[in-house]
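K.L.:
Attaching a single structure in structure tokens format; questions to follow.
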Amino acid sequence: MKALQQRAADLKAEAQRLHKQVFEPASIAPKVTTPRADLQAQSSKLTSLEEAIRRSGLKDGMTVSFHHHFRGGDKVVNLVVDKLAEMGFRNLHLAASSLTDVHAPLIEHIKNGVISRISTSGLRGELAREVSMGLMDEPVVFRSHGARGAAIANGELHIDVAFLGASSADPLGNACGYSRSENAKSICGSLGYALPDAQYADKVVILTDDLVPYPNTPNAISEHHVDYVVKVDSVGDSSKISSGAIRDTKNPRDILLAKQAAKVVVASGYFKPGFSIQTGSGGASLAVVKYLRESMIRDNVKASFALGGITAHMVRLHEEGLIERLIDVQSFDKVAAESLKTDAMHKEVSACEYASPEEPGSATHYLDVVILSALEADIHFNVNVLVGSDGIIRGAIGGHPDTAADSALSIIVCPLLRGRIPCVVDEVTTLITPGATVDVIVTEYGIAVNPRRPELRERLLAARLPVVEIEWLRDKALSIIGQPAALPFGEKTVGVVLARDGSVQDIIKAIQP
């Protein structure tokens with residue numbers, strides 16, 4: 001009994017000691033009374049670009065990544081690479097979702113050894129011309145948007161430091177492509193191609209020209225993924241996000257092609273309530289939605305969703321109740337960017353959610369109709385959207401092979417001729433989208449249907465559309481302009497095109513001046 005009483009006394013004493021340790025005022029840490037706004041300003045993540053680079057642990061030979069949501073108005077790539085050159089970095093691998101005309105300053109950084117490798121979806125402008133003529137020792141690696149997202153997620157494309165421009169961010173790193181503040185400068189909308197970088201890069205640096213109070217909500221990129229936040233003068237020019245290949249067309253030939261493609265959609269058997277649609281870059285393909293509108297109203301056909309690069313035309317149809325939801329991986333104009341900010345049915349998705357071949361739930365797997373452009377198509381229905389008729393790289397793979405492969409109906413719109421150059425040929429200069437995934441090619445001279453789709457051909461004939469054989473289109477082009485001279489390609493490989501599964505699909509040789 002005495003032993004039990006002693007044990008009880010010992011337990012009581014231990015309980016009193018613990019109670020005193022936990023609840024005695026002297027043992028409690030002083031309460032932080034600094035105003036929360038001051039704490040935000042003192043965020044350890046908020047720093048200069050140079051200090052962010054130093055703290056990131058970046059070393060020579062590592063991989064840095066960027067996104068292209070500001071397109072021709074992007075200012076982040078040049079700003080960051082200039083700083084990396086100033087700090088003495090060498091032999092870096094630049095992994096951008098795409099590069100455009102505005103990135104011509106990279107030429108000098110390649111010549112000076114700051115950049116030795118490039119991975120991207122596309123190249124344009126003077127940078128593309130120089131690469132095509134053999135500027136780099138290492139060939140540029142080209143991936144589709146979906147394949148890039150998958151490669152980042154599975155580690156094939158490892159990113160050491162991601163530098164991501166955001167239209168707004170708070171001091172902790174919550175960031176997005178629009179802003180609710182009155183000081184908004186650079187609006188780009190969806191940050192879909194930046195999201196895999198933010199999720200999987202070892203270090204993430206957000207650059208913004210609109211630093212807003214915490215919390216910046218809703219956000220595309222969470223503070224959980226962000227290591228450093230840098231305030232800069234400007235991350236991009238919003239007026240140029242709809243430049244180049246995504247400018248609204250007024251070309252009569254493009255309008256004719258768009259109208260014809262819209263007729264193909266209506267007659268295809270897929271134009272029914274709840275269908276889904278995407279249009280790729282290129283004036284004619286983007287304009288198809290505008291000409292589908294009349295048929296949708298007439299036949300009371302409403303789409304379940306529109307996917308991909310969202311445009312003002314799609315926003316209009318959505319607001320009219322003709323498209324239920326918008327799934328946005330890249331906003332193609334300011335109207336789309338503003339819609340994303342205000343409309344709960346306008347959803348932002350990452351490149352992986354959009355088109356990764358390794359994501360069973362990626363949106364392209366549920367896509368009915370896609371309308372895409374082309375630089376060339378051949379008699380096997382293979383498509384080239386990357387290398388021009390002069391052998392110069394002048395485009396981007398984008399989501400072209402992703403959507404063609406996953407959609408129920410893929411339609412390619414392209415003119416029969418561009419100037420004195422045929423667009424329907426025996427064999428494409430560079431294979432980007434395999435013919436096995438292409439269903440219809442629409443030209444101003446006629447419509448060719450892949451022999452793999454006899455039922456589709458019968459539907460279009462029943463609708464009295466001008467269906468012809470693909471060889472007839474090739475012969476028609478040659479009868480007008482004759483056989484073009486062979487391109488003067490050299491031996492040096494300047495580009496490697498990877499298929500969606502990561503295998504080498506084609507190579508690009510240097511063009512001789």
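Chain identifiers are assigned as A, B, and so on, following the order in which chains appear in the structure tokens; residues are numbered from 1 within each chain, and ligands are numbered from 1 in order of appearance.
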Quick one: everything within 12 Å of Leu317 in chain A, counting only C-alpha atoms, minus sequence neighbours fewer than 2 positions away in the same chain. Send it as number ranges by chain.
P.N.:
A: 289-294, 296-297, 301-306, 310-315, 319-326, 336
K.L.:
Residues within 12 Å of Ala363 in chain A, please, as number ranges by chain. Count only C-alpha atoms; anything in the same chain fewer than 5 positions from it doesn't count.
P.N.:
A: 146, 276-278, 305-308, 326-329, 347-358, 368, 399, 402-403, 406-407
K.L.:
Since we have the selection now, will you write its residues out, keeping N, CA and C atoms, as an mmCIF file, in the first residue's frame?
P.N.:
```cif
data_model
loop_
_atom_site.group_PDB
_atom_site.id
_atom_site.type_symbol
_atom_site.label_atom_id
_atom_site.label_comp_id
_atom_site.auth_asym_id
_atom_site.auth_seq_id
_atom_site.Cartn_x
_atom_site.Cartn_y
_atom_site.Cartn_z
ATOM 1 N N GLY A 146 2.607 19.107 -74.412
ATOM 2 C CA GLY A 146 2.271 17.985 -73.538
ATOM 3 C C GLY A 146 3.482 17.157 -73.184
ATOM 4 N N SER A 276 -16.873 18.860 -77.619
ATOM 5 C CA SER A 276 -15.785 19.725 -77.133
ATOM 6 C C SER A 276 -14.888 20.096 -78.299
ATOM 7 N N ILE A 277 -14.186 21.228 -78.166
ATOM 8 C CA ILE A 277 -13.460 21.762 -79.310
ATOM 9 C C ILE A 277 -12.199 22.503 -78.877
ATOM 10 N N GLN A 278 -11.196 22.481 -79.738
ATOM 11 C CA GLN A 278 -10.002 23.311 -79.585
ATOM 12 C C GLN A 278 -9.594 23.831 -80.946
ATOM 13 N N PHE A 305 -17.088 22.040 -73.503
ATOM 14 C CA PHE A 305 -15.933 22.870 -73.172
ATOM 15 C C PHE A 305 -15.124 23.196 -74.419
ATOM 16 N N ALA A 306 -14.407 24.299 -74.317
ATOM 17 C CA ALA A 306 -13.394 24.671 -75.300
ATOM 18 C C ALA A 306 -12.059 24.602 -74.583
ATOM 19 N N LEU A 307 -11.045 24.128 -75.294
ATOM 20 C CA LEU A 307 -9.771 23.784 -74.670
ATOM 21 C C LEU A 307 -8.610 24.497 -75.334
ATOM 22 N N GLY A 308 -7.513 24.632 -74.578
ATOM 23 C CA GLY A 308 -6.232 25.048 -75.159
ATOM 24 C C GLY A 308 -5.955 26.518 -74.989
ATOM 25 N N LEU A 326 -14.576 26.908 -70.213
ATOM 26 C CA LEU A 326 -13.323 27.185 -70.923
ATOM 27 C C LEU A 326 -12.188 26.587 -70.106
ATOM 28 N N ILE A 327 -11.384 25.737 -70.744
ATOM 29 C CA ILE A 327 -10.229 25.122 -70.080
ATOM 30 C C ILE A 327 -8.988 25.725 -70.714
ATOM 31 N N ASP A 328 -8.279 26.540 -69.956
ATOM 32 C CA ASP A 328 -7.305 27.489 -70.496
ATOM 33 C C ASP A 328 -5.879 27.145 -70.069
ATOM 34 N N VAL A 329 -5.052 26.712 -71.012
ATOM 35 C CA VAL A 329 -3.636 26.502 -70.730
ATOM 36 C C VAL A 329 -2.820 27.726 -71.131
ATOM 37 N N LYS A 347 -11.480 27.889 -66.508
ATOM 38 C CA LYS A 347 -10.546 27.157 -65.648
ATOM 39 C C LYS A 347 -9.133 27.184 -66.214
ATOM 40 N N GLU A 348 -8.167 27.448 -65.349
ATOM 41 C CA GLU A 348 -6.747 27.422 -65.703
ATOM 42 C C GLU A 348 -6.181 26.036 -65.425
ATOM 43 N N VAL A 349 -5.417 25.471 -66.396
ATOM 44 C CA VAL A 349 -4.825 24.148 -66.192
ATOM 45 C C VAL A 349 -3.347 24.171 -66.564
ATOM 46 N N SER A 350 -2.590 23.259 -65.972
ATOM 47 C CA SER A 350 -1.173 23.135 -66.295
ATOM 48 C C SER A 350 -1.003 22.388 -67.610
ATOM 49 N N ALA A 351 0.208 22.455 -68.164
ATOM 50 C CA ALA A 351 0.507 21.723 -69.389
ATOM 51 C C ALA A 351 0.288 20.228 -69.210
ATOM 52 N N CYS A 352 0.532 19.717 -68.002
ATOM 53 C CA CYS A 352 0.310 18.292 -67.739
ATOM 54 C C CYS A 352 -1.175 17.952 -67.758
ATOM 55 N N GLU A 353 -1.984 18.770 -67.110
ATOM 56 C CA GLU A 353 -3.431 18.547 -67.120
ATOM 57 C C GLU A 353 -4.011 18.743 -68.514
ATOM 58 N N TYR A 354 -3.375 19.579 -69.294
ATOM 59 C CA TYR A 354 -3.834 19.873 -70.648
ATOM 60 C C TYR A 354 -3.575 18.712 -71.598
ATOM 61 N N ALA A 355 -2.306 18.267 -71.697
ATOM 62 C CA ALA A 355 -1.990 17.375 -72.813
ATOM 63 C C ALA A 355 -0.892 16.361 -72.544
ATOM 64 N N SER A 356 -0.515 16.129 -71.294
ATOM 65 C CA SER A 356 0.543 15.146 -71.048
ATOM 66 C C SER A 356 0.106 13.756 -71.482
ATOM 67 N N PRO A 357 0.922 13.065 -72.285
ATOM 68 C CA PRO A 357 0.575 11.693 -72.664
ATOM 69 C C PRO A 357 0.646 10.729 -71.491
ATOM 70 N N GLU A 358 1.243 11.164 -70.383
ATOM 71 C CA GLU A 358 1.382 10.307 -69.208
ATOM 72 C C GLU A 358 0.322 10.584 -68.147
ATOM 73 N N ASP A 368 -13.195 16.257 -78.529
ATOM 74 C CA ASP A 368 -13.850 15.742 -79.733
ATOM 75 C C ASP A 368 -13.193 16.278 -81.003
ATOM 76 N N GLY A 399 0.910 22.398 -79.055
ATOM 77 C CA GLY A 399 0.140 21.212 -78.707
ATOM 78 C C GLY A 399 -0.351 20.457 -79.930
ATOM 79 N N ASP A 402 -0.096 16.654 -79.788
ATOM 80 C CA ASP A 402 -0.855 16.200 -78.620
ATOM 81 C C ASP A 402 -2.340 16.120 -78.939
ATOM 82 N N THR A 403 -2.871 17.212 -79.481
ATOM 83 C CA THR A 403 -4.309 17.283 -79.737
ATOM 84 C C THR A 403 -4.709 16.425 -80.932
ATOM 85 N N ASP A 406 -4.910 12.777 -79.586
ATOM 86 C CA ASP A 406 -5.899 12.453 -78.564
ATOM 87 C C ASP A 406 -7.337 12.770 -78.954
ATOM 88 N N SER A 407 -7.541 13.685 -79.898
ATOM 89 C CA SER A 407 -8.898 14.089 -80.263
ATOM 90 C C SER A 407 -9.593 13.013 -81.089
#
```
K.L.:
Hey, what does DSSP flag as alpha helix (DSSP H) within range 2-222 of chain A? Can you give it to me as a count of residues only?
P.N.:
77
K.L.:
Can you tell me, as JSON, numbers by chain, what residues are no more than 7 Å from range 158-167 of chain A when counting only C-alpha atoms, ignoring any on the same chain fewer than 5 positions away?
P.N.:
{"A": [58, 62, 63, 64, 65, 66, 67, 76, 152, 175, 176, 177, 178, 179, 186, 187, 188, 194, 197, 198, 201, 202, 203, 204, 205, 206, 207, 208, 209, 210, 235]}
K.L.:
If you keep N, CA and C atoms, can you produce a file of those selected residues as a CSV table (one decimal), in the first residue's frame?
P.N.:
```
chain,number,residue,atom,x,y,z
A,58,LEU,N,22.5,28.1,-58.3
A,58,LEU,CA,22.8,27.9,-59.7
A,58,LEU,C,24.2,27.8,-60.0
A,62,MET,N,24.1,24.1,-65.4
A,62,MET,CA,22.7,23.7,-64.9
A,62,MET,C,21.6,24.2,-65.9
A,63,THR,N,20.4,23.8,-65.6
A,63,THR,CA,19.2,24.1,-66.4
A,63,THR,C,18.4,25.2,-65.8
A,64,VAL,N,18.1,26.2,-66.6
A,64,VAL,CA,17.1,27.3,-66.2
A,64,VAL,C,15.9,27.2,-67.1
A,65,SER,N,14.8,27.5,-66.6
A,65,SER,CA,13.6,27.5,-67.4
A,65,SER,C,12.7,28.7,-67.4
A,66,PHE,N,11.9,28.9,-68.4
A,66,PHE,CA,11.1,30.1,-68.6
A,66,PHE,C,9.8,29.7,-69.3
A,67,HIS,N,8.8,30.5,-69.2
A,67,HIS,CA,7.5,30.3,-69.9
A,67,HIS,C,7.3,31.4,-70.9
A,76,VAL,N,11.1,38.7,-69.5
A,76,VAL,CA,11.8,38.0,-68.5
A,76,VAL,C,13.0,37.3,-68.9
A,152,ILE,N,9.1,17.1,-67.7
A,152,ILE,CA,9.4,17.7,-66.5
A,152,ILE,C,8.9,16.9,-65.3
A,175,ALA,N,1.2,33.6,-56.9
A,175,ALA,CA,1.3,34.4,-58.1
A,175,ALA,C,0.3,33.9,-59.1
A,176,CYS,N,0.0,34.8,-60.1
A,176,CYS,CA,-1.0,34.5,-61.1
A,176,CYS,C,-0.7,35.4,-62.3
A,177,GLY,N,-1.5,35.2,-63.4
A,177,GLY,CA,-1.3,35.9,-64.7
A,177,GLY,C,-2.2,37.1,-64.8
A,178,TYR,N,-2.8,37.5,-63.8
A,178,TYR,CA,-3.7,38.7,-63.8
A,178,TYR,C,-3.5,39.4,-62.4
A,179,SER,N,-4.2,40.5,-62.2
A,179,SER,CA,-4.1,41.2,-60.9
A,179,SER,C,-5.5,41.8,-60.6
A,186,SER,N,1.1,44.1,-66.5
A,186,SER,CA,1.3,43.1,-67.5
A,186,SER,C,0.4,41.9,-67.2
A,187,ILE,N,-0.6,41.9,-68.0
A,187,ILE,CA,-1.6,40.8,-67.8
A,187,ILE,C,-1.4,39.8,-68.9
A,188,CYS,N,-1.3,38.5,-68.6
A,188,CYS,CA,-1.1,37.4,-69.6
A,188,CYS,C,-2.2,36.3,-69.4
A,194,ALA,N,3.8,27.4,-67.2
A,194,ALA,CA,4.7,27.6,-66.1
A,194,ALA,C,4.5,26.7,-64.9
A,197,ASP,N,6.9,23.7,-64.3
A,197,ASP,CA,8.2,24.3,-63.8
A,197,ASP,C,8.1,24.6,-62.3
A,198,ALA,N,7.0,25.3,-62.0
A,198,ALA,CA,6.9,25.7,-60.6
A,198,ALA,C,6.8,24.5,-59.6
A,201,ALA,N,10.6,22.1,-60.4
A,201,ALA,CA,12.0,22.7,-60.4
A,201,ALA,C,12.6,22.7,-59.0
A,202,ASP,N,13.9,22.5,-58.9
A,202,ASP,CA,14.5,22.5,-57.6
A,202,ASP,C,14.3,23.8,-56.9
A,203,LYS,N,14.5,24.9,-57.6
A,203,LYS,CA,14.3,26.3,-57.1
A,203,LYS,C,13.4,27.1,-58.0
A,204,VAL,N,12.5,27.9,-57.4
A,204,VAL,CA,11.6,28.7,-58.3
A,204,VAL,C,11.7,30.2,-57.9
A,205,VAL,N,11.9,31.0,-58.9
A,205,VAL,CA,12.0,32.4,-58.7
A,205,VAL,C,10.9,33.1,-59.5
A,206,ILE,N,10.0,33.8,-58.7
A,206,ILE,CA,8.9,34.5,-59.4
A,206,ILE,C,9.4,36.0,-59.6
A,207,LEU,N,9.2,36.4,-60.8
A,207,LEU,CA,9.4,37.8,-61.1
A,207,LEU,C,8.1,38.5,-61.4
A,208,THR,N,7.9,39.6,-60.8
A,208,THR,CA,6.6,40.3,-61.0
A,208,THR,C,6.8,41.8,-61.0
A,209,ASP,N,5.9,42.6,-61.8
A,209,ASP,CA,6.0,44.0,-61.7
A,209,ASP,C,4.8,44.6,-60.9
A,210,ASP,N,4.0,43.7,-60.3
A,210,ASP,CA,2.9,44.1,-59.4
A,210,ASP,C,2.9,43.3,-58.2
A,235,VAL,N,7.5,42.7,-66.5
A,235,VAL,CA,7.7,41.3,-66.9
A,235,VAL,C,7.2,41.1,-68.4
```
K.L.:
Closest to Lys334 in chain A among A:Asn384, A:Ser239, A:Asn174, A:Thr364, using only C-alpha atoms?
P.N.:
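Answer, going by the shortest atom-to-atom distance: A:Ser239.
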K.L.:
Smallest atom-to-atom distance to Arg180 in chain A: which of A:Val141, A:Leu340, A:Val229, A:Leu157, using only C-alpha atoms?
P.N.:
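Of A:Val141, A:Leu340, A:Val229, A:Leu157, the one nearest Arg180 in chain A, counting only C-alpha atoms, is A:Leu340.
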K.L.:
Neighbouring residues of Leu460 in chain A were defined as those with any atom within 10 Å, considering only C-alpha atoms; residues of the same chain fewer than 6 positions away were excluded. Please report them as a PyMOL selection string.
P.N.:
chain A and resi 263-269+447+449+466-467
K.L.:
Next, write the just-selected residues to a file, as a JSON list (two decimals), in the first residue's frame, keeping N, CA and C atoms as the atom set.
P.N.:
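Result file follows (selection00.json):
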```json
[["chain", "number", "residue", "atom", "x", "y", "z"],
["A", 263, "LYS", "N", -17.75, 23.96, -91.82],
["A", 263, "LYS", "CA", -18.68, 23.05, -92.49],
["A", 263, "LYS", "C", -18.29, 21.59, -92.26],
["A", 264, "VAL", "N", -16.98, 21.32, -92.25],
["A", 264, "VAL", "CA", -16.50, 19.96, -91.98],
["A", 264, "VAL", "C", -16.92, 19.53, -90.58],
["A", 265, "VAL", "N", -16.76, 20.41, -89.61],
["A", 265, "VAL", "CA", -17.15, 20.08, -88.23],
["A", 265, "VAL", "C", -18.63, 19.74, -88.17],
["A", 266, "VAL", "N", -19.45, 20.58, -88.78],
["A", 266, "VAL", "CA", -20.91, 20.39, -88.73],
["A", 266, "VAL", "C", -21.32, 19.06, -89.37],
["A", 267, "ALA", "N", -20.63, 18.69, -90.46],
["A", 267, "ALA", "CA", -21.00, 17.47, -91.19],
["A", 267, "ALA", "C", -20.32, 16.22, -90.67],
["A", 268, "SER", "N", -19.41, 16.35, -89.72],
["A", 268, "SER", "CA", -18.53, 15.24, -89.32],
["A", 268, "SER", "C", -19.19, 14.14, -88.51],
["A", 269, "GLY", "N", -20.31, 14.46, -87.89],
["A", 269, "GLY", "CA", -20.92, 13.51, -86.97],
["A", 269, "GLY", "C", -20.57, 13.77, -85.51],
["A", 447, "ILE", "N", -11.01, 19.26, -100.03],
["A", 447, "ILE", "CA", -10.86, 18.66, -98.71],
["A", 447, "ILE", "C", -10.43, 17.20, -98.88],
["A", 449, "VAL", "N", -9.58, 13.53, -97.03],
["A", 449, "VAL", "CA", -9.88, 12.75, -95.83],
["A", 449, "VAL", "C", -8.93, 11.57, -95.77],
["A", 466, "PRO", "N", -16.56, 19.55, -101.01],
["A", 466, "PRO", "CA", -15.66, 19.20, -102.12],
["A", 466, "PRO", "C", -14.53, 18.26, -101.70],
["A", 467, "VAL", "N", -14.83, 17.00, -101.51],
["A", 467, "VAL", "CA", -13.85, 16.00, -101.08],
["A", 467, "VAL", "C", -13.03, 15.54, -102.28]]
```
K.L.:
What parts of range 62-283 of chain A does DSSP call strand (DSSP E)? I'd like the answer as a ChimeraX atom specification.
P.N.:
/A:63-66,92-96,115-120,140-142,161-166,168-169,175-176,203-208,228-231,276-279
